[in-house]
Amino acid sequence: MKTLFPFLLLATGLAHAAPPRPPMKDFLGLNGHTVQFKPDLYRPVCSVVRDYHPVEWDLGKETAVLPKLPMAKNGVPWDKVYGSWKDKGWTIDACLMFESIPRDQWKDVPADAKAYGRAIAKQFGPSSTTPLLESVEIGNEPGKWSDDDYATMLRAMAEGIREGDPKLKIATCNLTTGKSGDYEKSVTTIEKNLPLVDVLNIHSYAQLENWPTWKRSFPEDPALKKYLPDIEALCKWRDERCPGKPVWLTEFGYDSTTKPSPASGTFSKWVGVSDLRQAQWLTRSVLVFSAMPLDRAYVYFFDDKDEPQLHGSSGLTRNFQPKPSFHALSHFQKVLGDYRFSRIVKNEPGKVRLQEYIHATDPKKVVWVIWSPTGEDKSFWQAIPNLPGKLTAIERMPLDGKLVSIPTKTPLSVEVTESPLYLMMEK
């Protein structure tokens, strides 16, 4: 059945002039991990990578003794690791996980953290002779540290980084506008040190249920109380306290496995999603995020070993073999990498969503993306009048790397499904 509807322009920004939205090639990122990451393999997906950098590898049990960078104390050559990534065109964010060393094992937090931050920035910052890092995060999820201790660590390491290289961007750990928890720190822990912070950082997962199922849902689900609302809350806090500072979503994702949950144990009632769902919901999440006042969003994770447990099957590859999500996001990047989010053209929750993207350097090129924002395998035919340009191609989100091209007929009517459809036009 065909349905006609008027396309409405919705306000998506503040009344005052906002900075340009980032093109999708600078917006979409991927979480990797040190020597395991394969920079060649994941390059079709994006060019922005976040590394989990254990500070314990650098400092060991002697936090007052600096490593002989670029070599970590445990023997990892950071110049070779990050150098191999940068050679392939990656922009690198290193999450300096100081919490990998328990609080009571730090000899002198203010002195040791400041010296370490200075050394890292001087060695790898944009102004160094080995400019491998664009940004660093001070902590990942340091929930076991007290709020006061995190504030001390943040200030000390940030001051050292500023001394080592003022051009190296400094991001916080995972933040919340609520109270600190096991995996996040309250924004109150950074309030006094905002001038030392360049980026606010948050993690968010589409968690419909917690233990024992850890069930996740589609990104547009109104039943999700934290996924989008937590991001919106941090962006609002940013606008009130430090307007203009970027907000990065450095973790979001979905587990998809081919194996059943274990018969017993912690994850016996765990619920994952199918490979198709992972591809659809990751891609739609990125589309939804791009319409929010975010500057970057990193998918968790790069690879998995097909483990049926929380965070055990979140990879875009399975044993380094591409999953449907890998192909879906590679296609997203190929189509929209040079485009910026422009506006939400239509948003009817539970029915249809349509967004517009405009080429970053050629405003005559426009892409509309339309999909069914549900988790119910809904599909329907939709007539789309009043296109802003001449239709040049229509492509459906692929699952296997093969182009799914749709005929461009006039008048235009398309089948809308949970897999995004890309309508490419020229004005």
# chains A, B, ... in the order shown; residues from 1 in each chain; ligands from 1
>>> residues_around(residues="region 300-309 of chain A", least_positions_apart="2", cutoff="10 Å", atoms="only C-alpha atoms", output="NGL selection string")
:A and (29-33 or 36-38 or 41-42 or 49-50 or 203 or 205 or 213-214 or 250-262 or 266-272 or 282 or 297-298 or 311-323 or 326)
>>> residues_around(residues="Ala279 (chain A)", least_positions_apart="3", cutoff="7 Å", atoms="only C-alpha atoms", output="PyMOL selection string")
chain A and resi 275-276+282-283+324-325+328
>>> closest_residue(among="A:Gly401, A:Pro411, A:Pro23, A:Pro110", to="Arg340 (chain A)", atoms="only C-alpha atoms")
A:Pro23
>>> select_by_dssp(residues="region 171-312 of chain A", states="alpha helix (DSSP H)", output="VMD selection string")
chain A and resid 227 to 241 275 to 290
>>> closest_residue(among="A:Ser204, A:Pro195, A:Phe27, A:His359", to="Leu287 (chain A)", atoms="only C-alpha atoms")
A:Phe27
>>> residues_around(residues="Asp182 (chain A)", least_positions_apart="3", cutoff="9 Å", atoms="only C-alpha atoms", output="PyMOL selection string")
chain A and resi 141-144+185
>>> closest_atom_pairs(of="region 139-211 of chain A", to="region 120-131 of chain A", cutoff="9 Å", atoms="only C-alpha atoms", output="Markdown table")
| residue | atom | partner | partner_atom | distance |
| --- | --- | --- | --- | --- |
| A:Gly160 | CA | A:Ala121 | CA | 8.0 |
| A:Ile161 | CA | A:Ala121 | CA | 5.2 |
| A:Arg162 | CA | A:Ala121 | CA | 7.7 |
| A:Glu163 | CA | A:Ala121 | CA | 8.1 |
| A:Gly164 | CA | A:Lys122 | CA | 4.4 |
| A:Asp165 | CA | A:Ala121 | CA | 5.2 |
| A:Pro166 | CA | A:Ala121 | CA | 8.3 |
| A:Lys167 | CA | A:Pro126 | CA | 6.1 |
| A:Leu168 | CA | A:Gly125 | CA | 5.2 |
| A:Lys169 | CA | A:Gly125 | CA | 8.7 |
>>> write_last_selection(atoms="C-alpha atoms", output="PDB file, in the first residue's frame")
ATOM      1  CA  GLY A 160      51.264  17.451  32.116  1.00  0.00           C
ATOM      2  CA  ILE A 161      49.756  16.974  28.663  1.00  0.00           C
ATOM      3  CA  ARG A 162      49.372  20.728  28.230  1.00  0.00           C
ATOM      4  CA  GLU A 163      53.050  21.186  29.114  1.00  0.00           C
ATOM      5  CA  GLY A 164      54.127  18.370  26.786  1.00  0.00           C
ATOM      6  CA  ASP A 165      52.089  19.518  23.770  1.00  0.00           C
ATOM      7  CA  PRO A 166      49.203  22.022  23.978  1.00  0.00           C
ATOM      8  CA  LYS A 167      47.933  20.805  20.592  1.00  0.00           C
ATOM      9  CA  LEU A 168      47.130  17.311  21.865  1.00  0.00           C
ATOM     10  CA  LYS A 169      43.382  17.211  22.573  1.00  0.00           C
TER      11      LYS A 169
END
>>> closest_residue(among="A:Leu132, A:Val286, A:Ala206, A:Leu194", to="Ala151 (chain A)", atoms="only C-alpha atoms")
A:Leu194
>>> residues_around(residues="region 371-388 of chain A", least_positions_apart="5", cutoff="9 Å", atoms="only C-alpha atoms", output="ChimeraX atom specification")
/A:1-7,217-221,277,281,284,347-354,366,411-421,425-427
>>> write_last_selection(atoms="N, CA and C atoms", output="mmCIF file, in the first residue's frame")
data_model
loop_
_atom_site.group_PDB
_atom_site.id
_atom_site.type_symbol
_atom_site.label_atom_id
_atom_site.label_comp_id
_atom_site.auth_asym_id
_atom_site.auth_seq_id
_atom_site.Cartn_x
_atom_site.Cartn_y
_atom_site.Cartn_z
ATOM 1 N N MET A 1 0.848 -1.192 0.000
ATOM 2 C CA MET A 1 0.000 0.000 0.000
ATOM 3 C C MET A 1 0.886 1.246 0.000
ATOM 4 N N LYS A 2 0.574 2.217 -0.841
ATOM 5 C CA LYS A 2 1.368 3.440 -0.925
ATOM 6 C C LYS A 2 0.794 4.502 0.001
ATOM 7 N N THR A 3 1.700 5.223 0.628
ATOM 8 C CA THR A 3 1.292 6.274 1.549
ATOM 9 C C THR A 3 1.943 7.577 1.148
ATOM 10 N N LEU A 4 1.150 8.634 1.044
ATOM 11 C CA LEU A 4 1.693 9.961 0.761
ATOM 12 C C LEU A 4 1.781 10.741 2.058
ATOM 13 N N PHE A 5 2.854 11.507 2.224
ATOM 14 C CA PHE A 5 2.923 12.370 3.385
ATOM 15 C C PHE A 5 3.701 13.624 3.033
ATOM 16 N N PRO A 6 3.398 14.744 3.673
ATOM 17 C CA PRO A 6 4.168 15.978 3.447
ATOM 18 C C PRO A 6 5.469 15.890 4.211
ATOM 19 N N PHE A 7 6.569 16.267 3.555
ATOM 20 C CA PHE A 7 7.865 16.266 4.218
ATOM 21 C C PHE A 7 8.050 17.590 4.935
ATOM 22 N N SER A 217 17.903 -3.043 22.377
ATOM 23 C CA SER A 217 16.807 -2.773 21.459
ATOM 24 C C SER A 217 17.260 -1.855 20.341
ATOM 25 N N PHE A 218 16.345 -1.611 19.411
ATOM 26 C CA PHE A 218 16.655 -0.758 18.263
ATOM 27 C C PHE A 218 16.839 0.686 18.730
ATOM 28 N N PRO A 219 17.652 1.468 18.046
ATOM 29 C CA PRO A 219 18.051 2.784 18.575
ATOM 30 C C PRO A 219 16.914 3.770 18.785
ATOM 31 N N GLU A 220 15.851 3.675 17.986
ATOM 32 C CA GLU A 220 14.759 4.643 18.082
ATOM 33 C C GLU A 220 13.683 4.233 19.104
ATOM 34 N N ASP A 221 13.889 3.106 19.794
ATOM 35 C CA ASP A 221 12.885 2.569 20.711
ATOM 36 C C ASP A 221 12.596 3.562 21.843
ATOM 37 N N ARG A 277 20.333 -7.797 12.564
ATOM 38 C CA ARG A 277 19.953 -6.742 13.501
ATOM 39 C C ARG A 277 21.159 -5.873 13.849
ATOM 40 N N TRP A 281 20.885 -1.966 13.224
ATOM 41 C CA TRP A 281 20.803 -1.084 14.379
ATOM 42 C C TRP A 281 22.067 -0.252 14.574
ATOM 43 N N ARG A 284 21.675 2.501 11.771
ATOM 44 C CA ARG A 284 20.645 3.465 12.156
ATOM 45 C C ARG A 284 21.065 4.278 13.371
ATOM 46 N N ASN A 347 10.107 12.544 10.650
ATOM 47 C CA ASN A 347 10.322 11.634 11.768
ATOM 48 C C ASN A 347 8.991 11.312 12.424
ATOM 49 N N GLU A 348 8.449 10.143 12.084
ATOM 50 C CA GLU A 348 7.235 9.646 12.706
ATOM 51 C C GLU A 348 7.612 8.387 13.470
ATOM 52 N N PRO A 349 7.817 8.478 14.795
ATOM 53 C CA PRO A 349 8.226 7.308 15.580
ATOM 54 C C PRO A 349 7.347 6.096 15.323
ATOM 55 N N GLY A 350 8.001 4.971 15.119
ATOM 56 C CA GLY A 350 7.280 3.732 14.852
ATOM 57 C C GLY A 350 6.783 3.595 13.435
ATOM 58 N N LYS A 351 7.046 4.617 12.590
ATOM 59 C CA LYS A 351 6.545 4.567 11.215
ATOM 60 C C LYS A 351 7.657 4.784 10.189
ATOM 61 N N VAL A 352 8.211 5.983 10.140
ATOM 62 C CA VAL A 352 9.207 6.272 9.115
ATOM 63 C C VAL A 352 10.123 7.396 9.590
ATOM 64 N N ARG A 353 11.373 7.335 9.139
ATOM 65 C CA ARG A 353 12.324 8.410 9.428
ATOM 66 C C ARG A 353 13.122 8.695 8.163
ATOM 67 N N LEU A 354 13.299 9.993 7.889
ATOM 68 C CA LEU A 354 14.008 10.427 6.689
ATOM 69 C C LEU A 354 14.930 11.581 7.053
ATOM 70 N N VAL A 366 23.182 15.896 -2.845
ATOM 71 C CA VAL A 366 22.318 15.657 -1.687
ATOM 72 C C VAL A 366 22.000 14.169 -1.587
ATOM 73 N N PRO A 411 6.940 8.658 -11.214
ATOM 74 C CA PRO A 411 7.123 9.220 -9.880
ATOM 75 C C PRO A 411 7.747 8.189 -8.931
ATOM 76 N N LEU A 412 8.458 8.680 -7.934
ATOM 77 C CA LEU A 412 9.250 7.803 -7.076
ATOM 78 C C LEU A 412 8.403 7.178 -5.980
ATOM 79 N N SER A 413 8.521 5.868 -5.870
ATOM 80 C CA SER A 413 7.916 5.124 -4.778
ATOM 81 C C SER A 413 8.910 4.033 -4.391
ATOM 82 N N VAL A 414 9.247 3.928 -3.108
ATOM 83 C CA VAL A 414 10.276 2.987 -2.665
ATOM 84 C C VAL A 414 9.737 2.094 -1.559
ATOM 85 N N GLU A 415 10.349 0.921 -1.420
ATOM 86 C CA GLU A 415 10.019 0.033 -0.316
ATOM 87 C C GLU A 415 10.881 0.420 0.881
ATOM 88 N N VAL A 416 10.237 0.810 1.958
ATOM 89 C CA VAL A 416 10.937 1.211 3.175
ATOM 90 C C VAL A 416 10.991 0.018 4.120
ATOM 91 N N THR A 417 12.193 -0.319 4.574
ATOM 92 C CA THR A 417 12.395 -1.436 5.493
ATOM 93 C C THR A 417 13.264 -0.970 6.657
ATOM 94 N N GLU A 418 13.658 -1.903 7.511
ATOM 95 C CA GLU A 418 14.544 -1.555 8.623
ATOM 96 C C GLU A 418 15.988 -1.363 8.170
ATOM 97 N N SER A 419 16.297 -1.718 6.936
ATOM 98 C CA SER A 419 17.620 -1.468 6.367
ATOM 99 C C SER A 419 17.577 -0.138 5.626
ATOM 100 N N PRO A 420 18.373 0.841 6.036
ATOM 101 C CA PRO A 420 18.310 2.177 5.420
ATOM 102 C C PRO A 420 18.457 2.149 3.906
ATOM 103 N N LEU A 421 17.709 3.048 3.255
ATOM 104 C CA LEU A 421 17.743 3.210 1.808
ATOM 105 C C LEU A 421 18.318 4.592 1.508
ATOM 106 N N MET A 425 21.135 12.358 -5.043
ATOM 107 C CA MET A 425 20.584 13.360 -5.956
ATOM 108 C C MET A 425 21.608 14.450 -6.255
ATOM 109 N N GLU A 426 21.352 15.161 -7.333
ATOM 110 C CA GLU A 426 22.111 16.367 -7.665
ATOM 111 C C GLU A 426 21.117 17.481 -7.954
ATOM 112 N N LYS A 427 21.332 18.648 -7.369
ATOM 113 C CA LYS A 427 20.451 19.786 -7.604
ATOM 114 C C LYS A 427 20.718 20.378 -8.973
#
>>> select_by_dssp(residues="region 277-398 of chain A", states="strand (DSSP E)", output="compact mmCIF listing (two decimals) with N, CA and C atoms, in the first residue's frame")
# COMPACT_ATOMS: atom_id res chain seq x y z
N ARG A 296 31.35 13.06 17.30
CA ARG A 296 31.96 11.79 16.90
C ARG A 296 31.26 10.65 17.61
N ALA A 297 31.26 9.46 16.96
CA ALA A 297 30.66 8.26 17.55
C ALA A 297 31.49 7.05 17.16
N TYR A 298 32.03 6.35 18.15
CA TYR A 298 32.90 5.19 17.94
C TYR A 298 32.14 3.88 18.20
N VAL A 299 32.13 2.99 17.21
CA VAL A 299 31.51 1.67 17.37
C VAL A 299 32.38 0.80 18.26
N ASP A 303 36.61 -6.49 16.49
CA ASP A 303 36.58 -7.94 16.21
C ASP A 303 36.04 -8.69 17.42
N ASP A 304 35.50 -9.88 17.17
CA ASP A 304 35.08 -10.74 18.28
C ASP A 304 35.38 -12.20 17.95
N THR A 317 33.84 -7.63 12.73
CA THR A 317 34.34 -8.87 12.14
C THR A 317 34.26 -9.96 13.19
N ARG A 318 34.20 -11.20 12.72
CA ARG A 318 34.21 -12.37 13.60
C ARG A 318 35.44 -13.18 13.21
N GLN A 321 36.85 -11.97 10.05
CA GLN A 321 36.07 -12.14 8.82
C GLN A 321 34.87 -11.19 8.89
N PRO A 322 34.67 -10.35 7.87
CA PRO A 322 33.60 -9.34 7.93
C PRO A 322 32.22 -9.92 8.19
N TYR A 339 29.74 13.72 3.25
CA TYR A 339 28.51 14.49 3.47
C TYR A 339 28.33 14.84 4.93
N ARG A 340 27.67 15.98 5.17
CA ARG A 340 27.31 16.41 6.51
C ARG A 340 25.81 16.24 6.72
N PHE A 341 25.42 15.95 7.95
CA PHE A 341 23.99 15.95 8.28
C PHE A 341 23.43 17.34 8.04
N SER A 342 22.26 17.42 7.41
CA SER A 342 21.63 18.69 7.11
C SER A 342 20.36 18.90 7.94
N ARG A 343 19.44 17.94 7.88
CA ARG A 343 18.17 18.11 8.59
C ARG A 343 17.41 16.81 8.65
N ILE A 344 16.49 16.75 9.61
CA ILE A 344 15.51 15.67 9.65
C ILE A 344 14.34 16.12 8.80
N VAL A 345 14.08 15.40 7.75
CA VAL A 345 12.99 15.76 6.84
C VAL A 345 11.66 15.22 7.37
N LYS A 346 11.71 14.02 7.91
CA LYS A 346 10.49 13.38 8.42
C LYS A 346 10.85 12.46 9.57
N ASN A 347 10.11 12.54 10.65
CA ASN A 347 10.32 11.63 11.77
C ASN A 347 8.99 11.31 12.42
N GLU A 348 8.45 10.14 12.08
CA GLU A 348 7.24 9.65 12.71
C GLU A 348 7.61 8.39 13.47
N VAL A 352 8.21 5.98 10.14
CA VAL A 352 9.21 6.27 9.12
C VAL A 352 10.12 7.40 9.59
N ARG A 353 11.37 7.33 9.14
CA ARG A 353 12.32 8.41 9.43
C ARG A 353 13.12 8.70 8.16
N LEU A 354 13.30 9.99 7.89
CA LEU A 354 14.01 10.43 6.69
C LEU A 354 14.93 11.58 7.05
N GLN A 355 16.21 11.47 6.68
CA GLN A 355 17.20 12.51 6.98
C GLN A 355 17.93 12.93 5.72
N GLU A 356 18.39 14.19 5.73
CA GLU A 356 19.07 14.75 4.57
C GLU A 356 20.54 15.03 4.91
N TYR A 357 21.39 14.72 3.93
CA TYR A 357 22.82 14.98 4.04
C TYR A 357 23.28 15.74 2.79
N ILE A 358 24.14 16.73 3.02
CA ILE A 358 24.64 17.56 1.91
C ILE A 358 26.15 17.44 1.83
N HIS A 359 26.68 17.33 0.61
CA HIS A 359 28.11 17.18 0.40
C HIS A 359 28.87 18.34 1.04
N LYS A 365 25.17 18.31 -4.30
CA LYS A 365 25.00 16.87 -4.08
C LYS A 365 24.28 16.63 -2.76
N VAL A 366 23.18 15.90 -2.84
CA VAL A 366 22.32 15.66 -1.69
C VAL A 366 22.00 14.17 -1.59
N VAL A 367 21.94 13.66 -0.37
CA VAL A 367 21.50 12.28 -0.14
C VAL A 367 20.39 12.29 0.91
N TRP A 368 19.30 11.62 0.60
CA TRP A 368 18.25 11.36 1.58
C TRP A 368 18.36 9.90 2.02
N VAL A 369 18.23 9.67 3.32
CA VAL A 369 18.26 8.31 3.87
C VAL A 369 16.93 8.06 4.56
N ILE A 370 16.27 6.97 4.19
CA ILE A 370 14.94 6.67 4.74
C ILE A 370 14.93 5.24 5.28
N TRP A 371 14.23 5.04 6.40
CA TRP A 371 14.13 3.70 6.97
C TRP A 371 12.93 3.61 7.89
N PHE A 380 7.07 -1.29 3.92
CA PHE A 380 5.90 -0.73 3.24
C PHE A 380 6.39 0.11 2.07
N TRP A 381 5.49 0.35 1.14
CA TRP A 381 5.83 1.19 0.00
C TRP A 381 5.50 2.64 0.31
N GLN A 382 6.40 3.50 -0.05
CA GLN A 382 6.27 4.92 0.27
C GLN A 382 6.50 5.78 -0.97
N ALA A 383 5.53 6.59 -1.29
CA ALA A 383 5.71 7.56 -2.36
C ALA A 383 6.47 8.75 -1.81
N LYS A 390 17.76 16.03 -8.84
CA LYS A 390 17.57 14.93 -9.78
C LYS A 390 18.15 13.65 -9.19
N LEU A 391 17.33 12.62 -9.17
CA LEU A 391 17.73 11.34 -8.60
C LEU A 391 18.76 10.67 -9.51
N THR A 392 19.92 10.32 -8.93
CA THR A 392 20.98 9.68 -9.72
C THR A 392 21.16 8.21 -9.38
N ALA A 393 20.82 7.82 -8.15
CA ALA A 393 20.96 6.41 -7.75
C ALA A 393 20.20 6.16 -6.46
N ILE A 394 19.77 4.92 -6.27
CA ILE A 394 19.16 4.48 -5.02
C ILE A 394 19.84 3.18 -4.62
N GLU A 395 20.32 3.12 -3.38
CA GLU A 395 21.00 1.92 -2.91
C GLU A 395 20.51 1.54 -1.52
N ARG A 396 20.33 0.23 -1.32
CA ARG A 396 19.92 -0.30 -0.02
C ARG A 396 21.17 -0.70 0.76
>>> closest_residue(among="A:Leu154, A:Cys95, A:Leu329, A:Ala113", to="Leu66 (chain A)", atoms="only C-alpha atoms")
A:Ala113
>>> atom_distance(atom1="CA of Met24 (chain A)", atom2="CA of Asp338 (chain A)")
6.3 Å
>>> residues_around(residues="Asn174 (chain A)", least_positions_apart="3", cutoff="12 Å", atoms="only C-alpha atoms", output="number ranges by chain")
A: 95, 97, 137-143, 150, 171, 177-178, 180-187, 189-190, 199-204, 230-231, 234, 247-252
>>> atom_distance(atom1="CA of Gly83 (chain A)", atom2="CA of Trp57 (chain A)")
17.9 Å
>>> closest_residue(among="A:Ala360, A:Val273, A:Val136, A:Leu69", to="Asp93 (chain A)", atoms="only C-alpha atoms")
A:Val136
>>> atom_distance(atom1="CA of Ala119 (chain A)", atom2="CA of Asp295 (chain A)")
27.7 Å
>>> closest_residue(among="A:Tyr116, A:Trp106, A:Phe98, A:Trp85", to="Leu133 (chain A)", atoms="only C-alpha atoms")
A:Trp85
